[in-house]
>>> print(open('structure_28.pdb').read())   # PDB, C-alpha atoms
MODEL        1
ATOM      1  CA  MET A  19      69.265 -55.562 -15.899  1.00  0.00           C
ATOM      2  CA  ALA A  20      66.032 -56.817 -14.479  1.00  0.00           C
ATOM      3  CA  THR A  21      65.601 -53.553 -12.681  1.00  0.00           C
ATOM      4  CA  ALA A  22      66.209 -51.574 -15.890  1.00  0.00           C
ATOM      5  CA  GLY A  23      63.463 -53.561 -17.640  1.00  0.00           C
ATOM      6  CA  LEU A  24      61.166 -52.935 -14.722  1.00  0.00           C
ATOM      7  CA  HIS A  25      61.835 -49.201 -14.923  1.00  0.00           C
ATOM      8  CA  ASP A  26      61.179 -49.226 -18.671  1.00  0.00           C
ATOM      9  CA  SER A  27      57.813 -50.952 -18.192  1.00  0.00           C
ATOM     10  CA  GLU A  28      56.887 -48.517 -15.407  1.00  0.00           C
ATOM     11  CA  LEU A  29      57.988 -45.607 -17.596  1.00  0.00           C
ATOM     12  CA  GLY A  30      55.907 -46.923 -20.509  1.00  0.00           C
ATOM     13  CA  GLU A  31      52.888 -47.333 -18.212  1.00  0.00           C
ATOM     14  CA  LEU A  32      53.389 -43.784 -16.904  1.00  0.00           C
ATOM     15  CA  GLN A  33      53.614 -42.372 -20.449  1.00  0.00           C
ATOM     16  CA  ARG A  34      50.454 -44.258 -21.448  1.00  0.00           C
ATOM     17  CA  ARG A  35      48.607 -42.775 -18.439  1.00  0.00           C
ATOM     18  CA  LEU A  36      49.864 -39.280 -19.302  1.00  0.00           C
ATOM     19  CA  ILE A  37      48.604 -39.671 -22.874  1.00  0.00           C
ATOM     20  CA  ILE A  38      45.189 -40.785 -21.583  1.00  0.00           C
ATOM     21  CA  LEU A  39      45.145 -37.812 -19.183  1.00  0.00           C
ATOM     22  CA  ARG A  40      46.076 -35.399 -22.012  1.00  0.00           C
ATOM     23  CA  VAL A  41      43.372 -36.791 -24.284  1.00  0.00           C
ATOM     24  CA  GLY A  42      40.834 -36.563 -21.448  1.00  0.00           C
ATOM     25  CA  LEU A  43      41.762 -32.944 -20.701  1.00  0.00           C
ATOM     26  CA  LEU A  44      41.646 -32.108 -24.405  1.00  0.00           C
ATOM     27  CA  LEU A  45      38.134 -33.636 -24.607  1.00  0.00           C
ATOM     28  CA  VAL A  46      36.958 -31.635 -21.568  1.00  0.00           C
ATOM     29  CA  VAL A  47      38.336 -28.367 -23.035  1.00  0.00           C
ATOM     30  CA  ALA A  48      36.764 -29.195 -26.416  1.00  0.00           C
ATOM     31  CA  LEU A  49      33.380 -29.890 -24.765  1.00  0.00           C
ATOM     32  CA  LEU A  50      33.564 -26.627 -22.805  1.00  0.00           C
ATOM     33  CA  GLY A  51      34.476 -24.737 -25.982  1.00  0.00           C
ATOM     34  CA  LEU A  52      31.582 -26.369 -27.833  1.00  0.00           C
ATOM     35  CA  GLN A  53      29.160 -25.436 -25.067  1.00  0.00           C
ATOM     36  CA  LEU A  54      30.525 -21.872 -25.031  1.00  0.00           C
ATOM     37  CA  TRP A  55      29.989 -21.627 -28.794  1.00  0.00           C
ATOM     38  CA  ASN A  56      26.475 -23.027 -28.379  1.00  0.00           C
ATOM     39  CA  LEU A  57      25.540 -20.467 -25.685  1.00  0.00           C
ATOM     40  CA  GLN A  58      27.256 -17.429 -27.211  1.00  0.00           C
ATOM     41  CA  ILE A  59      26.766 -17.867 -30.959  1.00  0.00           C
ATOM     42  CA  ARG A  60      23.873 -20.230 -31.520  1.00  0.00           C
ATOM     43  CA  GLU A  61      21.648 -19.315 -28.539  1.00  0.00           C
ATOM     44  CA  GLY A  62      23.004 -15.763 -28.040  1.00  0.00           C
ATOM     45  CA  PRO A  63      20.031 -13.840 -29.493  1.00  0.00           C
ATOM     46  CA  TYR A  64      17.595 -15.860 -27.357  1.00  0.00           C
ATOM     47  CA  TYR A  65      19.461 -15.113 -24.119  1.00  0.00           C
ATOM     48  CA  ARG A  66      19.993 -11.452 -25.122  1.00  0.00           C
ATOM     49  CA  ASP A  67      16.225 -11.073 -25.550  1.00  0.00           C
ATOM     50  CA  LEU A  68      15.622 -12.726 -22.173  1.00  0.00           C
ATOM     51  CA  SER A  69      18.059 -10.371 -20.452  1.00  0.00           C
ATOM     52  CA  GLU A  70      16.538  -7.276 -22.083  1.00  0.00           C
ATOM     53  CA  ASN A  71      13.062  -8.221 -20.861  1.00  0.00           C
ATOM     54  CA  ASN A  72      14.222  -9.188 -17.378  1.00  0.00           C
ATOM     55  CA  ARG A  73      13.919  -6.044 -15.299  1.00  0.00           C
ATOM     56  CA  THR A  74      13.574  -5.297 -11.648  1.00  0.00           C
ATOM     57  CA  ARG A  75      11.413  -2.519 -10.320  1.00  0.00           C
ATOM     58  CA  SER A  76      12.718  -0.265  -7.597  1.00  0.00           C
ATOM     59  CA  VAL A  77      10.071   0.612  -5.054  1.00  0.00           C
ATOM     60  CA  ILE A  78      10.755   3.166  -2.361  1.00  0.00           C
ATOM     61  CA  MET A  79       9.070   2.113   0.860  1.00  0.00           C
ATOM     62  CA  GLU A  80       9.351   4.338   3.866  1.00  0.00           C
ATOM     63  CA  PRO A  81       9.224   2.577   7.235  1.00  0.00           C
ATOM     64  CA  ALA A  82       6.145   2.887   9.387  1.00  0.00           C
ATOM     65  CA  ARG A  83       6.596   5.342  12.207  1.00  0.00           C
ATOM     66  CA  GLY A  84       5.567   4.448  15.728  1.00  0.00           C
ATOM     67  CA  LEU A  85       2.788   5.860  17.839  1.00  0.00           C
ATOM     68  CA  ILE A  86       3.669   8.577  20.332  1.00  0.00           C
ATOM     69  CA  TYR A  87       1.934   8.763  23.726  1.00  0.00           C
ATOM     70  CA  ASP A  88       2.393  11.222  26.548  1.00  0.00           C
ATOM     71  CA  ARG A  89       3.132  10.072  30.094  1.00  0.00           C
ATOM     72  CA  ASN A  90      -0.609   9.709  30.808  1.00  0.00           C
ATOM     73  CA  GLY A  91      -1.166   7.393  27.850  1.00  0.00           C
ATOM     74  CA  VAL A  92      -2.864  10.004  25.660  1.00  0.00           C
ATOM     75  CA  LEU A  93      -2.130   9.559  21.950  1.00  0.00           C
ATOM     76  CA  LEU A  94      -0.108  12.500  20.603  1.00  0.00           C
ATOM     77  CA  ALA A  95       0.836  11.242  17.122  1.00  0.00           C
ATOM     78  CA  ASN A  96      -0.276   8.335  14.962  1.00  0.00           C
ATOM     79  CA  ASN A  97      -0.199   7.294  11.320  1.00  0.00           C
ATOM     80  CA  VAL A  98      -3.011   7.337   8.763  1.00  0.00           C
ATOM     81  CA  PRO A  99      -2.859   5.739   5.317  1.00  0.00           C
ATOM     82  CA  SER A 100      -2.213   8.073   2.406  1.00  0.00           C
ATOM     83  CA  PHE A 101      -2.243   7.217  -1.303  1.00  0.00           C
ATOM     84  CA  THR A 102       0.549   8.404  -3.595  1.00  0.00           C
ATOM     85  CA  LEU A 103       0.604   8.216  -7.405  1.00  0.00           C
ATOM     86  CA  TYR A 104       3.902   7.086  -8.950  1.00  0.00           C
ATOM     87  CA  VAL A 105       4.903   6.611 -12.594  1.00  0.00           C
ATOM     88  CA  SER A 106       7.679   4.237 -13.631  1.00  0.00           C
ATOM     89  CA  LEU A 107       9.142   5.722 -16.819  1.00  0.00           C
ATOM     90  CA  GLU A 108      10.638   2.398 -17.890  1.00  0.00           C
ATOM     91  CA  ASP A 109       7.165   1.012 -18.585  1.00  0.00           C
ATOM     92  CA  VAL A 110       5.743   4.077 -20.348  1.00  0.00           C
ATOM     93  CA  LYS A 111       5.701   3.797 -24.137  1.00  0.00           C
ATOM     94  CA  ASP A 112       3.798   6.998 -25.042  1.00  0.00           C
ATOM     95  CA  ARG A 113       4.486   9.679 -22.449  1.00  0.00           C
ATOM     96  CA  ASP A 114       2.185  12.311 -24.020  1.00  0.00           C
ATOM     97  CA  LEU A 115      -0.780   9.931 -24.053  1.00  0.00           C
ATOM     98  CA  LEU A 116      -0.145   9.037 -20.404  1.00  0.00           C
ATOM     99  CA  ILE A 117       0.014  12.729 -19.438  1.00  0.00           C
ATOM    100  CA  ASP A 118      -3.298  13.362 -21.181  1.00  0.00           C
ATOM    101  CA  GLN A 119      -4.927  10.353 -19.508  1.00  0.00           C
ATOM    102  CA  LEU A 120      -3.714  11.318 -16.015  1.00  0.00           C
ATOM    103  CA  SER A 121      -4.776  14.929 -16.537  1.00  0.00           C
ATOM    104  CA  SER A 122      -8.282  13.932 -17.589  1.00  0.00           C
ATOM    105  CA  LEU A 123      -8.742  11.263 -14.891  1.00  0.00           C
ATOM    106  CA  LEU A 124      -7.485  13.297 -11.944  1.00  0.00           C
ATOM    107  CA  GLY A 125      -8.096  16.830 -13.169  1.00  0.00           C
ATOM    108  CA  LEU A 126      -4.402  17.688 -12.952  1.00  0.00           C
ATOM    109  CA  ASP A 127      -2.673  20.354 -14.995  1.00  0.00           C
ATOM    110  CA  ALA A 128      -0.941  18.638 -17.944  1.00  0.00           C
ATOM    111  CA  ALA A 129       2.076  20.964 -17.717  1.00  0.00           C
ATOM    112  CA  LEU A 130       2.565  20.052 -14.049  1.00  0.00           C
ATOM    113  CA  VAL A 131       2.450  16.318 -14.806  1.00  0.00           C
ATOM    114  CA  ARG A 132       4.855  16.805 -17.735  1.00  0.00           C
ATOM    115  CA  ASN A 133       7.300  18.714 -15.497  1.00  0.00           C
ATOM    116  CA  LYS A 134       7.259  15.959 -12.879  1.00  0.00           C
ATOM    117  CA  LEU A 135       7.853  13.250 -15.483  1.00  0.00           C
ATOM    118  CA  THR A 136      10.628  15.116 -17.300  1.00  0.00           C
ATOM    119  CA  ALA A 137      12.488  16.277 -14.176  1.00  0.00           C
ATOM    120  CA  ARG A 138      16.070  15.093 -13.855  1.00  0.00           C
ATOM    121  CA  GLY A 139      16.550  11.838 -12.040  1.00  0.00           C
ATOM    122  CA  SER A 140      17.048   8.147 -12.459  1.00  0.00           C
ATOM    123  CA  LYS A 141      14.792   6.513 -15.026  1.00  0.00           C
ATOM    124  CA  GLN A 142      14.690   3.330 -12.940  1.00  0.00           C
ATOM    125  CA  LEU A 143      13.144   4.992  -9.891  1.00  0.00           C
ATOM    126  CA  PRO A 144       9.431   5.768 -10.026  1.00  0.00           C
ATOM    127  CA  ARG A 145       8.496   9.452 -10.159  1.00  0.00           C
ATOM    128  CA  LYS A 146       6.035  10.850  -7.632  1.00  0.00           C
ATOM    129  CA  VAL A 147       3.270  12.612  -9.557  1.00  0.00           C
ATOM    130  CA  LYS A 148       0.768  13.338  -6.796  1.00  0.00           C
ATOM    131  CA  ASP A 149       0.556  12.577  -3.101  1.00  0.00           C
ATOM    132  CA  ARG A 150      -2.458  12.579  -0.793  1.00  0.00           C
ATOM    133  CA  LEU A 151      -4.802  11.097  -3.378  1.00  0.00           C
ATOM    134  CA  THR A 152      -8.374  10.730  -2.240  1.00  0.00           C
ATOM    135  CA  LEU A 153      -9.842   7.252  -2.033  1.00  0.00           C
ATOM    136  CA  ARG A 154     -11.955   8.056  -5.100  1.00  0.00           C
ATOM    137  CA  GLU A 155      -8.871   9.088  -7.107  1.00  0.00           C
ATOM    138  CA  ALA A 156      -6.911   6.019  -6.007  1.00  0.00           C
ATOM    139  CA  THR A 157      -9.720   3.635  -6.994  1.00  0.00           C
ATOM    140  CA  LEU A 158     -10.178   5.469 -10.289  1.00  0.00           C
ATOM    141  CA  ILE A 159      -6.500   4.994 -11.131  1.00  0.00           C
ATOM    142  CA  GLU A 160      -6.577   1.345 -10.028  1.00  0.00           C
ATOM    143  CA  SER A 161      -9.666   0.663 -12.148  1.00  0.00           C
ATOM    144  CA  HIS A 162      -7.824   2.000 -15.230  1.00  0.00           C
ATOM    145  CA  ARG A 163      -4.575   0.246 -14.369  1.00  0.00           C
ATOM    146  CA  LEU A 164      -4.439  -1.771 -17.603  1.00  0.00           C
ATOM    147  CA  ASP A 165      -4.830   1.406 -19.670  1.00  0.00           C
ATOM    148  CA  LEU A 166      -2.102   3.218 -17.727  1.00  0.00           C
ATOM    149  CA  PRO A 167       1.198   1.333 -18.104  1.00  0.00           C
ATOM    150  CA  GLY A 168       3.798   2.281 -15.523  1.00  0.00           C
ATOM    151  CA  VAL A 169       1.292   3.991 -13.212  1.00  0.00           C
ATOM    152  CA  MET A 170       0.970   2.699  -9.663  1.00  0.00           C
ATOM    153  CA  VAL A 171      -0.754   3.806  -6.496  1.00  0.00           C
ATOM    154  CA  GLN A 172       1.222   3.156  -3.347  1.00  0.00           C
ATOM    155  CA  VAL A 173      -0.104   3.322   0.196  1.00  0.00           C
ATOM    156  CA  GLU A 174       2.156   5.279   2.527  1.00  0.00           C
ATOM    157  CA  SER A 175       1.887   6.329   6.152  1.00  0.00           C
ATOM    158  CA  GLN A 176       1.121   9.957   6.861  1.00  0.00           C
ATOM    159  CA  ARG A 177       1.804  11.389  10.302  1.00  0.00           C
ATOM    160  CA  ASN A 178      -1.345  12.594  12.093  1.00  0.00           C
ATOM    161  CA  TYR A 179      -1.493  14.725  15.228  1.00  0.00           C
ATOM    162  CA  PRO A 180      -4.914  14.253  16.870  1.00  0.00           C
ATOM    163  CA  GLY A 181      -4.152  16.810  19.611  1.00  0.00           C
ATOM    164  CA  GLY A 182      -3.441  19.634  17.178  1.00  0.00           C
ATOM    165  CA  VAL A 183      -0.792  22.305  17.705  1.00  0.00           C
ATOM    166  CA  THR A 184      -0.432  21.744  21.450  1.00  0.00           C
ATOM    167  CA  ALA A 185       0.566  18.126  20.869  1.00  0.00           C
ATOM    168  CA  LEU A 186       3.128  19.158  18.271  1.00  0.00           C
ATOM    169  CA  THR A 187       5.211  21.144  20.702  1.00  0.00           C
ATOM    170  CA  SER A 188       5.200  18.310  23.234  1.00  0.00           C
ATOM    171  CA  VAL A 189       6.341  15.869  20.515  1.00  0.00           C
ATOM    172  CA  GLY A 190       9.315  18.107  19.808  1.00  0.00           C
ATOM    173  CA  LEU A 191       8.287  20.079  16.747  1.00  0.00           C
ATOM    174  CA  CYS A 192       8.795  23.819  16.975  1.00  0.00           C
ATOM    175  CA  ARG A 193       8.606  27.010  14.912  1.00  0.00           C
ATOM    176  CA  GLY A 194       8.582  26.294  11.157  1.00  0.00           C
ATOM    177  CA  SER A 195       8.012  22.575  11.569  1.00  0.00           C
ATOM    178  CA  VAL A 196       4.841  23.271  13.617  1.00  0.00           C
ATOM    179  CA  ALA A 197       3.396  25.412  10.842  1.00  0.00           C
ATOM    180  CA  ARG A 198       4.371  22.839   8.233  1.00  0.00           C
ATOM    181  CA  ALA A 199       2.839  19.958  10.239  1.00  0.00           C
ATOM    182  CA  VAL A 200      -0.385  21.899  10.840  1.00  0.00           C
ATOM    183  CA  ARG A 201      -0.590  22.750   7.139  1.00  0.00           C
ATOM    184  CA  GLU A 202      -0.115  19.048   6.216  1.00  0.00           C
ATOM    185  CA  THR A 203      -2.874  17.810   8.550  1.00  0.00           C
TER
ENDMDL
END
>>> encode(input="structure_28.pdb", output="structure tokens")
Amino acid sequence: MATAGLHDSELGELQRRLIILRVGLLLVVALLGLQLWNLQIREGPYYRDLSENNRTRSVIMEPARGLIYDRNGVLLANNVPSFTLYVSLEDVKDRDLLIDQLSSLLGLDAALVRNKLTARGSKQLPRKVKDRLTLREATLIESHRLDLPGVMVQVESQRNYPGGVTALTSVGLCRGSVARAVRET
């Protein structure tokens, strides 16, 4: 009988611990539910606004190409900086005003700028409007940066062949690519 009483007291202690555990788990679930309600219902509009205004900008950066020398150490191909004008459509509020501003600043045809901005493609990726900007054009755009939302000038490497056409064939360019490279330089 003494053992039966001992088992009953152990069983009562075990049931008391299980009740405490159940109440504790119920409190944890209730606190998590309360916090979920707080974040989703009460603070939901605040966090929705934060997420709408939190954007990342995709920037396409081409890697720098190396210098090419011939076996005598003569430079055949190098890189020179070139300025390229990009427009990020996400940041543009009034596209027509931006087209007019870019046309007047750079002397570009408005229809050409409009075609480049309305061409099919991802809205997140910046659109290339003009490459090979002069230093004057690049500084003009940068000086009006606050008036031109979404417009950015990016410095890119442009391949240069100091030796001319003879160096092109030794680098490995031939036929149509020679004419294209000569036209670009």
>>> residues_near_point(input="structure_28.pdb", point="(1.6, 8.3, 10.1)", cutoff="7 Å", atoms="all atoms listed in the file", output="count of residues only")
8
>>> closest_residue(input="structure_28.pdb", among="A:Glu108, A:Glu61, A:Glu70, A:Glu174", to="A:Lys141", atoms="only C-alpha atoms")
A:Glu108
>>> closest_residue(input="structure_28.pdb", among="A:Tyr179, A:Ala129, A:Phe101, A:Arg113", to="A:Glu160", atoms="all atoms listed in the file")
A:Phe101
>>> atom_distance(input="structure_28.pdb", atom1="atom CA of A:Leu103", atom2="atom CA of A:Leu120")
10.1 Å
>>> resolve_selection(input="structure_28.pdb", expression="the PyMOL selection byres ((chain A and resi 150) around 8)", output="mmCIF file with C-alpha atoms, in the frame of the given file")
data_model
loop_
_atom_site.group_PDB
_atom_site.id
_atom_site.type_symbol
_atom_site.label_atom_id
_atom_site.label_comp_id
_atom_site.auth_asym_id
_atom_site.auth_seq_id
_atom_site.Cartn_x
_atom_site.Cartn_y
_atom_site.Cartn_z
ATOM 1 C CA SER A 100 -2.213 8.073 2.406
ATOM 2 C CA PHE A 101 -2.243 7.217 -1.303
ATOM 3 C CA THR A 102 0.549 8.404 -3.595
ATOM 4 C CA LYS A 148 0.768 13.338 -6.796
ATOM 5 C CA ASP A 149 0.556 12.577 -3.101
ATOM 6 C CA LEU A 151 -4.802 11.097 -3.378
ATOM 7 C CA THR A 152 -8.374 10.730 -2.240
#
>>> closest_residue(input="structure_28.pdb", among="A:Leu126, A:Leu143, A:Val46, A:Leu135", to="A:Glu155", atoms="only C-alpha atoms")
A:Leu126
>>> closest_residue(input="structure_28.pdb", among="A:Ala48, A:Val110, A:Val147, A:Ala95", to="A:Asp165", atoms="all atoms listed in the file")
A:Val110
>>> residues_near_point(input="structure_28.pdb", point="(8.7, 9.3, -7.2)", cutoff="12 Å", atoms="only C-alpha atoms", output="count of residues only")
31
>>> atom_distance(input="structure_28.pdb", atom1="atom CA of A:Ser122", atom2="atom CA of A:Ala156")
14.1 Å
>>> axis_aligned_box(input="structure_28.pdb", around="stretch 152-166 of chain A", padding_each_side="3 Å", output="AutoDock Vina command-line options")
--center_x -7.0 --center_y 4.5 --center_z -10.9 --size_x 15.9 --size_y 18.5 --size_z 23.6
>>> build_atoms(input="structure_28.pdb", residues="stretch 86-109 of chain A", atoms="N, CA and C atoms", output="PDB file, in the coordinates of the input")
ATOM      1  N   ILE A  86       3.064   7.797  19.253  1.00  0.00           N
ATOM      2  CA  ILE A  86       3.669   8.577  20.332  1.00  0.00           C
ATOM      3  C   ILE A  86       2.574   8.885  21.361  1.00  0.00           C
ATOM      4  N   TYR A  87       2.855   8.515  22.613  1.00  0.00           N
ATOM      5  CA  TYR A  87       1.934   8.763  23.726  1.00  0.00           C
ATOM      6  C   TYR A  87       2.613   9.693  24.724  1.00  0.00           C
ATOM      7  N   ASP A  88       1.808  10.443  25.462  1.00  0.00           N
ATOM      8  CA  ASP A  88       2.393  11.222  26.548  1.00  0.00           C
ATOM      9  C   ASP A  88       2.470  10.339  27.795  1.00  0.00           C
ATOM     10  N   ARG A  89       2.924  10.882  28.889  1.00  0.00           N
ATOM     11  CA  ARG A  89       3.132  10.072  30.094  1.00  0.00           C
ATOM     12  C   ARG A  89       1.824   9.558  30.690  1.00  0.00           C
ATOM     13  N   ASN A  90       0.688  10.160  30.304  1.00  0.00           N
ATOM     14  CA  ASN A  90      -0.609   9.709  30.808  1.00  0.00           C
ATOM     15  C   ASN A  90      -1.277   8.708  29.864  1.00  0.00           C
ATOM     16  N   GLY A  91      -0.609   8.355  28.790  1.00  0.00           N
ATOM     17  CA  GLY A  91      -1.166   7.393  27.850  1.00  0.00           C
ATOM     18  C   GLY A  91      -2.063   8.000  26.791  1.00  0.00           C
ATOM     19  N   VAL A  92      -2.049   9.325  26.672  1.00  0.00           N
ATOM     20  CA  VAL A  92      -2.864  10.004  25.660  1.00  0.00           C
ATOM     21  C   VAL A  92      -2.076  10.003  24.340  1.00  0.00           C
ATOM     22  N   LEU A  93      -2.764   9.629  23.264  1.00  0.00           N
ATOM     23  CA  LEU A  93      -2.130   9.559  21.950  1.00  0.00           C
ATOM     24  C   LEU A  93      -1.818  10.962  21.433  1.00  0.00           C
ATOM     25  N   LEU A  94      -0.532  11.205  21.126  1.00  0.00           N
ATOM     26  CA  LEU A  94      -0.108  12.500  20.603  1.00  0.00           C
ATOM     27  C   LEU A  94       0.084  12.465  19.089  1.00  0.00           C
ATOM     28  N   ALA A  95       0.580  11.350  18.563  1.00  0.00           N
ATOM     29  CA  ALA A  95       0.836  11.242  17.122  1.00  0.00           C
ATOM     30  C   ALA A  95       0.613   9.802  16.681  1.00  0.00           C
ATOM     31  N   ASN A  96      -0.070   9.654  15.544  1.00  0.00           N
ATOM     32  CA  ASN A  96      -0.276   8.335  14.962  1.00  0.00           C
ATOM     33  C   ASN A  96      -0.078   8.423  13.458  1.00  0.00           C
ATOM     34  N   ASN A  97      -0.368   7.343  12.765  1.00  0.00           N
ATOM     35  CA  ASN A  97      -0.199   7.294  11.320  1.00  0.00           C
ATOM     36  C   ASN A  97      -1.537   6.981  10.666  1.00  0.00           C
ATOM     37  N   VAL A  98      -1.812   7.620   9.550  1.00  0.00           N
ATOM     38  CA  VAL A  98      -3.011   7.337   8.763  1.00  0.00           C
ATOM     39  C   VAL A  98      -2.544   6.986   7.352  1.00  0.00           C
ATOM     40  N   PRO A  99      -3.269   6.089   6.678  1.00  0.00           N
ATOM     41  CA  PRO A  99      -2.859   5.739   5.317  1.00  0.00           C
ATOM     42  C   PRO A  99      -3.067   6.903   4.353  1.00  0.00           C
ATOM     43  N   SER A 100      -2.151   7.036   3.432  1.00  0.00           N
ATOM     44  CA  SER A 100      -2.213   8.073   2.406  1.00  0.00           C
ATOM     45  C   SER A 100      -1.835   7.423   1.080  1.00  0.00           C
ATOM     46  N   PHE A 101      -2.507   7.788   0.015  1.00  0.00           N
ATOM     47  CA  PHE A 101      -2.243   7.217  -1.303  1.00  0.00           C
ATOM     48  C   PHE A 101      -1.371   8.172  -2.105  1.00  0.00           C
ATOM     49  N   THR A 102      -0.362   7.613  -2.780  1.00  0.00           N
ATOM     50  CA  THR A 102       0.549   8.404  -3.595  1.00  0.00           C
ATOM     51  C   THR A 102       0.609   7.799  -4.989  1.00  0.00           C
ATOM     52  N   LEU A 103       0.569   8.649  -6.009  1.00  0.00           N
ATOM     53  CA  LEU A 103       0.604   8.216  -7.405  1.00  0.00           C
ATOM     54  C   LEU A 103       2.041   8.293  -7.915  1.00  0.00           C
ATOM     55  N   TYR A 104       2.553   7.163  -8.384  1.00  0.00           N
ATOM     56  CA  TYR A 104       3.902   7.086  -8.950  1.00  0.00           C
ATOM     57  C   TYR A 104       3.813   6.638 -10.402  1.00  0.00           C
ATOM     58  N   VAL A 105       4.792   7.062 -11.211  1.00  0.00           N
ATOM     59  CA  VAL A 105       4.903   6.611 -12.594  1.00  0.00           C
ATOM     60  C   VAL A 105       6.309   6.075 -12.806  1.00  0.00           C
ATOM     61  N   SER A 106       6.396   4.841 -13.294  1.00  0.00           N
ATOM     62  CA  SER A 106       7.679   4.237 -13.631  1.00  0.00           C
ATOM     63  C   SER A 106       7.932   4.476 -15.117  1.00  0.00           C
ATOM     64  N   LEU A 107       8.900   5.320 -15.432  1.00  0.00           N
ATOM     65  CA  LEU A 107       9.142   5.722 -16.819  1.00  0.00           C
ATOM     66  C   LEU A 107       9.621   4.579 -17.704  1.00  0.00           C
ATOM     67  N   GLU A 108      10.183   3.540 -17.107  1.00  0.00           N
ATOM     68  CA  GLU A 108      10.638   2.398 -17.890  1.00  0.00           C
ATOM     69  C   GLU A 108       9.487   1.723 -18.629  1.00  0.00           C
ATOM     70  N   ASP A 109       8.307   1.728 -18.023  1.00  0.00           N
ATOM     71  CA  ASP A 109       7.165   1.012 -18.585  1.00  0.00           C
ATOM     72  C   ASP A 109       6.292   1.876 -19.478  1.00  0.00           C
TER      73      ASP A 109
END
